[in-house]
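Worksheet: the structure to be examined is printed underneath.
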2 protein chains.
Amino acid sequence: MVPIKVKNAEIVVVSKSSAKSRPASARGHRPKTRIQREKQDIILEAALDVFSLHGFRGATIDQIAEVAGMSKPNLLYYFPRKEEIHRRLISELLVTWLEPLREMDAKGDPFPEICSYIRRKLEMARDFPRESRLFATEMLQGAPRISEMIEVDLKNLVDEKARVIEGWMDDGKLTRVDPYHLIFSIWATTQHYADFDVQVRAVLGPKRGGDGRFEDAARYLEQLFLFGLMPGKSIG
Amino acid sequence: MVPIKVKNAEIVVVSKSSAKSRPASARGHRPKTRIQREKQDIILEAALDVFSLHGFRGATIDQIAEVAGMSKPNLLYYFPRKEEIHRRLISELLVTWLEPLREMDAKGDPFPEICSYIRRKLEMARDFPRESRLFATEMLQGAPRISEMIEVDLKNLVDEKARVIEGWMDDGKLTRVDPYHLIFSIWATTQHYADFDVQVRAVLGPKRGGDGRFEDAARYLEQLFLFGLMPGKSIG
DNA sequence: AAGATTTTTGACCAGTTGGAAAAATGTTAG
DNA sequence: CTAACATTTTTCCAACTGGTCAAAAATCTT
């Protein structure tokens, strides 16, 4: 334990080593090694569990670390701060979450396109409920961490697809309705089965609340939107 | 500081005074005086702000107290614990929240009944968005504090109204669809405008995202459900 | 095997959290 | 006025929070 020299040496070493030893992600780059990517995936998985259940504020690093099976400092070695984990989760989510809408094709016919959009969204609600809930909690809290993304990326995509829908209506293939609210209603009805899952299961009861509920929902929603949007109806 | 006797005396006094000085609500009864009811209402108002924004875990007593304009211990004088505030909010909420559904009348015709149900739900989404979000956060978190209520009260009400809807369908007044999923879709589409308000406004943009969005939504939803559920259609 | 690097851990910290105790301050009935 | 009660504030605490740090352990390189 030499007095000054050691101190200086330590400081130099520390600053050097801490900059080098922290994984690339912590410095804003993509992870390089296989193990780093694996660990980060484990953390993101655990974080998805916790964030989707408690929201950003209600989730704690300790909880995430426990679910991920590692110590808190170890977790913080891969993600320097809580917000970083959340940001990664959200931004990756938005891409895949909007994929079904992105696939809606102007060249197709409206009803097959809309029906398969509904189906895909319902499948996502069934297979990735945590992602849906994460998105929902973020929205409920006013989307403070993704306001830019929804005001730009999301809006542009919806604007584009609204024009596609309007094109179908111009061709007389679809009842003329507000395309934005049409998209909203598809989002709402499909995501409902992920976000309000507890309620849905409780109301349907043990017999009907099983795995079949998604098929029932798909049948109902397709019928609703099919009849509801079919052109050339008059109120009888 | 007498050893044992004082201890006993203290315990007696404490238990007596704390039981008497704490307002009735804290002991599970209704508040008696006007001032108590007023203060509790102020607290509940503030708590609604905070809980609906951050969920149960993310909300802090300090925040609620600050919004309510009083000190934390003072707040805790009226509600002995955080959970108590939340419980009160939720249970009061559920009653008013289900009122529109309760009003759906078997003796009426289906389309006026369903349309006015949609309108009422939309009005609630517009006028009481915090309540809607509080309900949503609770659901998203698995409804741990109201599981009993939704499994009994809510389920019974929905079962009853599902039978009403089935009655309409038996009379040929309504396309035959799953009544439960019909109710879900009305819940989802209407509450969407409260819970995902940020998203809705961002996507609609400044021009269309103003106050008119609820009227647009009402028009669209009425049309969707009207055409979607009108009997005697065939796929053309 | 030695050295360099990456990963993991335990101790720690300052600020926040839900909540308890008690003292101080009203308020009101006799 | 004053005793009994209702309300509010001050003080305090133990547990938890996000996050740091140095050292230990594991891994990789040569």
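Ligands are numbered from 1 in the order shown, residues from 1 within each chain, and chains are lettered A, B, ... in the order they appear in the structure tokens.
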
Item to check | alpha helix (DSSP H) positions in range 20-230 of chain B, given as an MDAnalysis selection string | outcome: chainID B and resid 20:21 34:58 61:68 72:78 82:97 99:102 110:127 129:140 147:149 155:170 179:195 197:208 213:229

Item to check | Contact residues around range 217-231 of chain A with only C-alpha atoms (C1' of nucleotides) at 6 Å, ignoring same-chain residues under 4 positions, as JSON, numbers by chain | outcome: {"A": [115, 174, 175], "B": [224, 227, 228]}

Print the selection's residues with all heavy atoms to a file, as a PDB file, in the first residue's frame.
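Output (out_11.pdb):
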```
ATOM      1  N   CYS A 115     -58.643  -8.691 -42.720  1.00  0.00           N
ATOM      2  CA  CYS A 115     -58.818  -9.901 -41.914  1.00  0.00           C
ATOM      3  C   CYS A 115     -57.478 -10.476 -41.486  1.00  0.00           C
ATOM      4  O   CYS A 115     -57.309 -10.893 -40.338  1.00  0.00           O
ATOM      5  CB  CYS A 115     -59.627 -10.943 -42.688  1.00  0.00           C
ATOM      6  SG  CYS A 115     -61.401 -10.622 -42.609  1.00  0.00           S
ATOM      7  N   LEU A 174     -65.012  -0.634 -50.137  1.00  0.00           N
ATOM      8  CA  LEU A 174     -65.109  -0.537 -48.685  1.00  0.00           C
ATOM      9  C   LEU A 174     -66.088   0.586 -48.350  1.00  0.00           C
ATOM     10  O   LEU A 174     -66.086   1.624 -49.025  1.00  0.00           O
ATOM     11  CB  LEU A 174     -63.714  -0.198 -48.127  1.00  0.00           C
ATOM     12  CG  LEU A 174     -63.306  -0.629 -46.732  1.00  0.00           C
ATOM     13  CD1 LEU A 174     -63.323  -2.140 -46.635  1.00  0.00           C
ATOM     14  CD2 LEU A 174     -61.930  -0.093 -46.406  1.00  0.00           C
ATOM     15  N   THR A 175     -66.908   0.363 -47.330  1.00  0.00           N
ATOM     16  CA  THR A 175     -67.768   1.446 -46.865  1.00  0.00           C
ATOM     17  C   THR A 175     -66.896   2.637 -46.471  1.00  0.00           C
ATOM     18  O   THR A 175     -65.808   2.460 -45.932  1.00  0.00           O
ATOM     19  CB  THR A 175     -68.566   1.010 -45.622  1.00  0.00           C
ATOM     20  OG1 THR A 175     -69.318  -0.147 -45.945  1.00  0.00           O
ATOM     21  CG2 THR A 175     -69.511   2.115 -45.176  1.00  0.00           C
TER      22      THR A 175
ATOM     23  N   LEU B 224     -69.849   1.245 -37.479  1.00  0.00           N
ATOM     24  CA  LEU B 224     -69.250  -0.090 -37.477  1.00  0.00           C
ATOM     25  C   LEU B 224     -70.178  -1.112 -36.830  1.00  0.00           C
ATOM     26  O   LEU B 224     -70.467  -2.163 -37.396  1.00  0.00           O
ATOM     27  CB  LEU B 224     -67.909  -0.056 -36.744  1.00  0.00           C
ATOM     28  CG  LEU B 224     -67.227  -1.416 -36.557  1.00  0.00           C
ATOM     29  CD1 LEU B 224     -66.701  -1.933 -37.882  1.00  0.00           C
ATOM     30  CD2 LEU B 224     -66.097  -1.333 -35.535  1.00  0.00           C
ATOM     31  N   PHE B 227     -73.771  -1.487 -38.845  1.00  0.00           N
ATOM     32  CA  PHE B 227     -73.674  -2.333 -40.026  1.00  0.00           C
ATOM     33  C   PHE B 227     -73.169  -3.723 -39.659  1.00  0.00           C
ATOM     34  O   PHE B 227     -73.634  -4.723 -40.202  1.00  0.00           O
ATOM     35  CB  PHE B 227     -72.742  -1.698 -41.064  1.00  0.00           C
ATOM     36  CG  PHE B 227     -73.356  -0.510 -41.742  1.00  0.00           C
ATOM     37  CD1 PHE B 227     -72.557   0.472 -42.308  1.00  0.00           C
ATOM     38  CD2 PHE B 227     -74.744  -0.374 -41.829  1.00  0.00           C
ATOM     39  CE1 PHE B 227     -73.118   1.568 -42.939  1.00  0.00           C
ATOM     40  CE2 PHE B 227     -75.313   0.725 -42.461  1.00  0.00           C
ATOM     41  CZ  PHE B 227     -74.492   1.700 -43.008  1.00  0.00           C
ATOM     42  N   GLY B 228     -72.213  -3.760 -38.739  1.00  0.00           N
ATOM     43  CA  GLY B 228     -71.614  -5.040 -38.403  1.00  0.00           C
ATOM     44  C   GLY B 228     -72.570  -5.997 -37.741  1.00  0.00           C
ATOM     45  O   GLY B 228     -72.381  -7.216 -37.812  1.00  0.00           O
TER      46      GLY B 228
END
```

Checklist entry - Quick one: which residues from chain D are at most 8 Å off chain A, using only C-alpha atoms (C1' of nucleotides), as a list in words? => result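 Every residue meeting the condition is included here: DT17, DG18 and DG19 of chain D.
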
Contact residues around DG10 in chain C with only C-alpha atoms (C1' of nucleotides) at 12 Å, ignoring same-chain residues under 3 positions, as a PDB file with C-alpha atoms (C1' of nucleotides), in the first residue's frame:
```
ATOM      1  CA  SER A  71     -26.769  -9.700  -9.088  1.00  0.00           C
ATOM      2  CA  LYS A  72     -27.763  -6.083  -9.467  1.00  0.00           C
ATOM      3  CA  PRO A  73     -24.214  -4.790 -10.087  1.00  0.00           C
ATOM      4  CA  ASN A  74     -23.739  -7.517 -12.631  1.00  0.00           C
TER       5      ASN A  74
ATOM      6  C1'  DC D  21     -16.428   1.050  -6.703  1.00  0.00           C
ATOM      7  C1'  DA D  22     -12.585  -1.884  -5.909  1.00  0.00           C
ATOM      8  C1'  DA D  23     -11.376  -6.227  -5.613  1.00  0.00           C
ATOM      9  C1'  DA D  24     -12.038 -11.050  -6.724  1.00  0.00           C
TER      10       DA D  24
END
```

Next on the checklist: Neighbouring residues of Gly172 in chain A were defined as those with any atom within 12 Å, considering only C-alpha atoms (C1' of nucleotides); residues of the same chain fewer than 3 positions away were excluded. Please report them as a VMD selection string.
Outcome noted: chain A and resid 109 to 110 165 to 169 175 to 177 229 to 233

Just to be explicit: take each residue in the selection above, keep C-alpha atoms, and write the result as a PDB file, in the first residue's frame.
```pdb
ATOM      1  CA  ASP A 109     -58.208  -6.530 -51.671  1.00  0.00           C
ATOM      2  CA  PRO A 110     -59.414  -4.816 -48.518  1.00  0.00           C
ATOM      3  CA  ILE A 165     -57.633   2.429 -46.946  1.00  0.00           C
ATOM      4  CA  GLU A 166     -58.982   5.583 -48.530  1.00  0.00           C
ATOM      5  CA  GLY A 167     -57.871   4.215 -51.877  1.00  0.00           C
ATOM      6  CA  TRP A 168     -59.983   1.117 -51.288  1.00  0.00           C
ATOM      7  CA  MET A 169     -62.932   3.285 -50.380  1.00  0.00           C
ATOM      8  CA  THR A 175     -67.768   1.446 -46.865  1.00  0.00           C
ATOM      9  CA  ARG A 176     -66.586   4.996 -46.440  1.00  0.00           C
ATOM     10  CA  VAL A 177     -65.485   5.405 -42.834  1.00  0.00           C
ATOM     11  CA  LEU A 229     -67.252  -2.373 -43.560  1.00  0.00           C
ATOM     12  CA  MET A 230     -68.861  -4.110 -46.487  1.00  0.00           C
ATOM     13  CA  PRO A 231     -69.939  -1.507 -49.027  1.00  0.00           C
ATOM     14  CA  GLY A 232     -73.400  -0.914 -50.370  1.00  0.00           C
ATOM     15  CA  LYS A 233     -75.574  -1.317 -47.305  1.00  0.00           C
TER      16      LYS A 233
END
```

Next on the checklist: Could you tell me which residues of chain A sit within 7 Å of chain B when counting only C-alpha atoms, and give me the result as JSON, numbers by chain?
Outcome noted: {"A": [53, 54, 57, 58, 133, 139, 140, 141, 142, 150, 151, 155, 177, 178, 181, 185, 188, 189, 192, 195, 196, 198, 199, 202, 203, 217, 220, 224, 225, 227, 228, 229]}

Residues of chain C no more than 10 Å from chain B, counting only C-alpha atoms (C1' of nucleotides): send them over as an mmCIF file with N, CA and C atoms (P, O5', C5', C4', C3', O3' and C1' of nucleotides), in the first residue's frame.
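Produced file selection00.cif, reproduced below:
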```cif
data_model
loop_
_atom_site.group_PDB
_atom_site.id
_atom_site.type_symbol
_atom_site.label_atom_id
_atom_site.label_comp_id
_atom_site.auth_asym_id
_atom_site.auth_seq_id
_atom_site.Cartn_x
_atom_site.Cartn_y
_atom_site.Cartn_z
ATOM 1 P P DT C 16 -34.504 12.512 -2.851
ATOM 2 O "O5'" DT C 16 -35.429 11.230 -2.696
ATOM 3 C "C5'" DT C 16 -35.342 10.206 -3.681
ATOM 4 C "C4'" DT C 16 -36.158 9.019 -3.262
ATOM 5 C "C3'" DT C 16 -37.574 9.357 -2.759
ATOM 6 O "O3'" DT C 16 -38.481 8.620 -3.556
ATOM 7 C "C1'" DT C 16 -36.479 7.836 -1.299
ATOM 8 P P DT C 17 -40.056 8.861 -3.398
ATOM 9 O "O5'" DT C 17 -40.476 7.695 -2.428
ATOM 10 C "C5'" DT C 17 -40.329 6.341 -2.866
ATOM 11 C "C4'" DT C 17 -40.654 5.380 -1.747
ATOM 12 C "C3'" DT C 17 -41.888 5.744 -0.938
ATOM 13 O "O3'" DT C 17 -43.007 5.133 -1.523
ATOM 14 C "C1'" DT C 17 -40.092 4.956 0.463
ATOM 15 P P DG C 18 -44.466 5.424 -0.926
ATOM 16 O "O5'" DG C 18 -44.534 4.511 0.374
ATOM 17 C "C5'" DG C 18 -44.584 3.097 0.230
ATOM 18 C "C4'" DG C 18 -44.660 2.474 1.602
ATOM 19 C "C3'" DG C 18 -45.943 2.802 2.370
ATOM 20 O "O3'" DG C 18 -46.382 1.655 3.090
ATOM 21 C "C1'" DG C 18 -44.068 3.594 3.573
ATOM 22 P P DG C 19 -47.756 1.697 3.871
ATOM 23 O "O5'" DG C 19 -47.303 2.299 5.276
ATOM 24 C "C5'" DG C 19 -46.484 1.478 6.101
ATOM 25 C "C4'" DG C 19 -45.964 2.295 7.246
ATOM 26 C "C3'" DG C 19 -47.010 2.823 8.232
ATOM 27 O "O3'" DG C 19 -46.897 2.073 9.408
ATOM 28 C "C1'" DG C 19 -45.199 4.305 7.914
ATOM 29 P P DA C 20 -48.016 2.131 10.485
ATOM 30 O "O5'" DA C 20 -47.190 2.596 11.757
ATOM 31 C "C5'" DA C 20 -45.937 1.963 12.023
ATOM 32 C "C4'" DA C 20 -45.214 2.722 13.119
ATOM 33 C "C3'" DA C 20 -46.105 3.146 14.291
ATOM 34 O "O3'" DA C 20 -45.437 2.823 15.497
ATOM 35 C "C1'" DA C 20 -44.992 5.037 13.374
ATOM 36 P P DA C 21 -46.226 2.909 16.855
ATOM 37 O "O5'" DA C 21 -45.662 4.237 17.532
ATOM 38 C "C5'" DA C 21 -44.410 4.720 17.107
ATOM 39 C "C4'" DA C 21 -44.005 5.915 17.929
ATOM 40 C "C3'" DA C 21 -44.953 6.296 19.067
ATOM 41 O "O3'" DA C 21 -44.175 6.617 20.203
ATOM 42 C "C1'" DA C 21 -44.786 8.094 17.496
#
```

Checklist entry - Leaving out range 103-108 of chain B and any residue of its chain fewer than 5 positions from it, which residues lie within 7 Å of it when counting only C-alpha atoms (C1' of nucleotides), given as a list in words? => result Glu113, Tyr117 and Val164 of chain B

Next on the checklist: With distances taken over only C-alpha atoms (C1' of nucleotides), which residue among C:DA1, C:DG15, C:DT7, C:DT25 lies nearest DC16 in chain D?
Outcome noted: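 So, comparing all the options, the nearest one is C:DG15.
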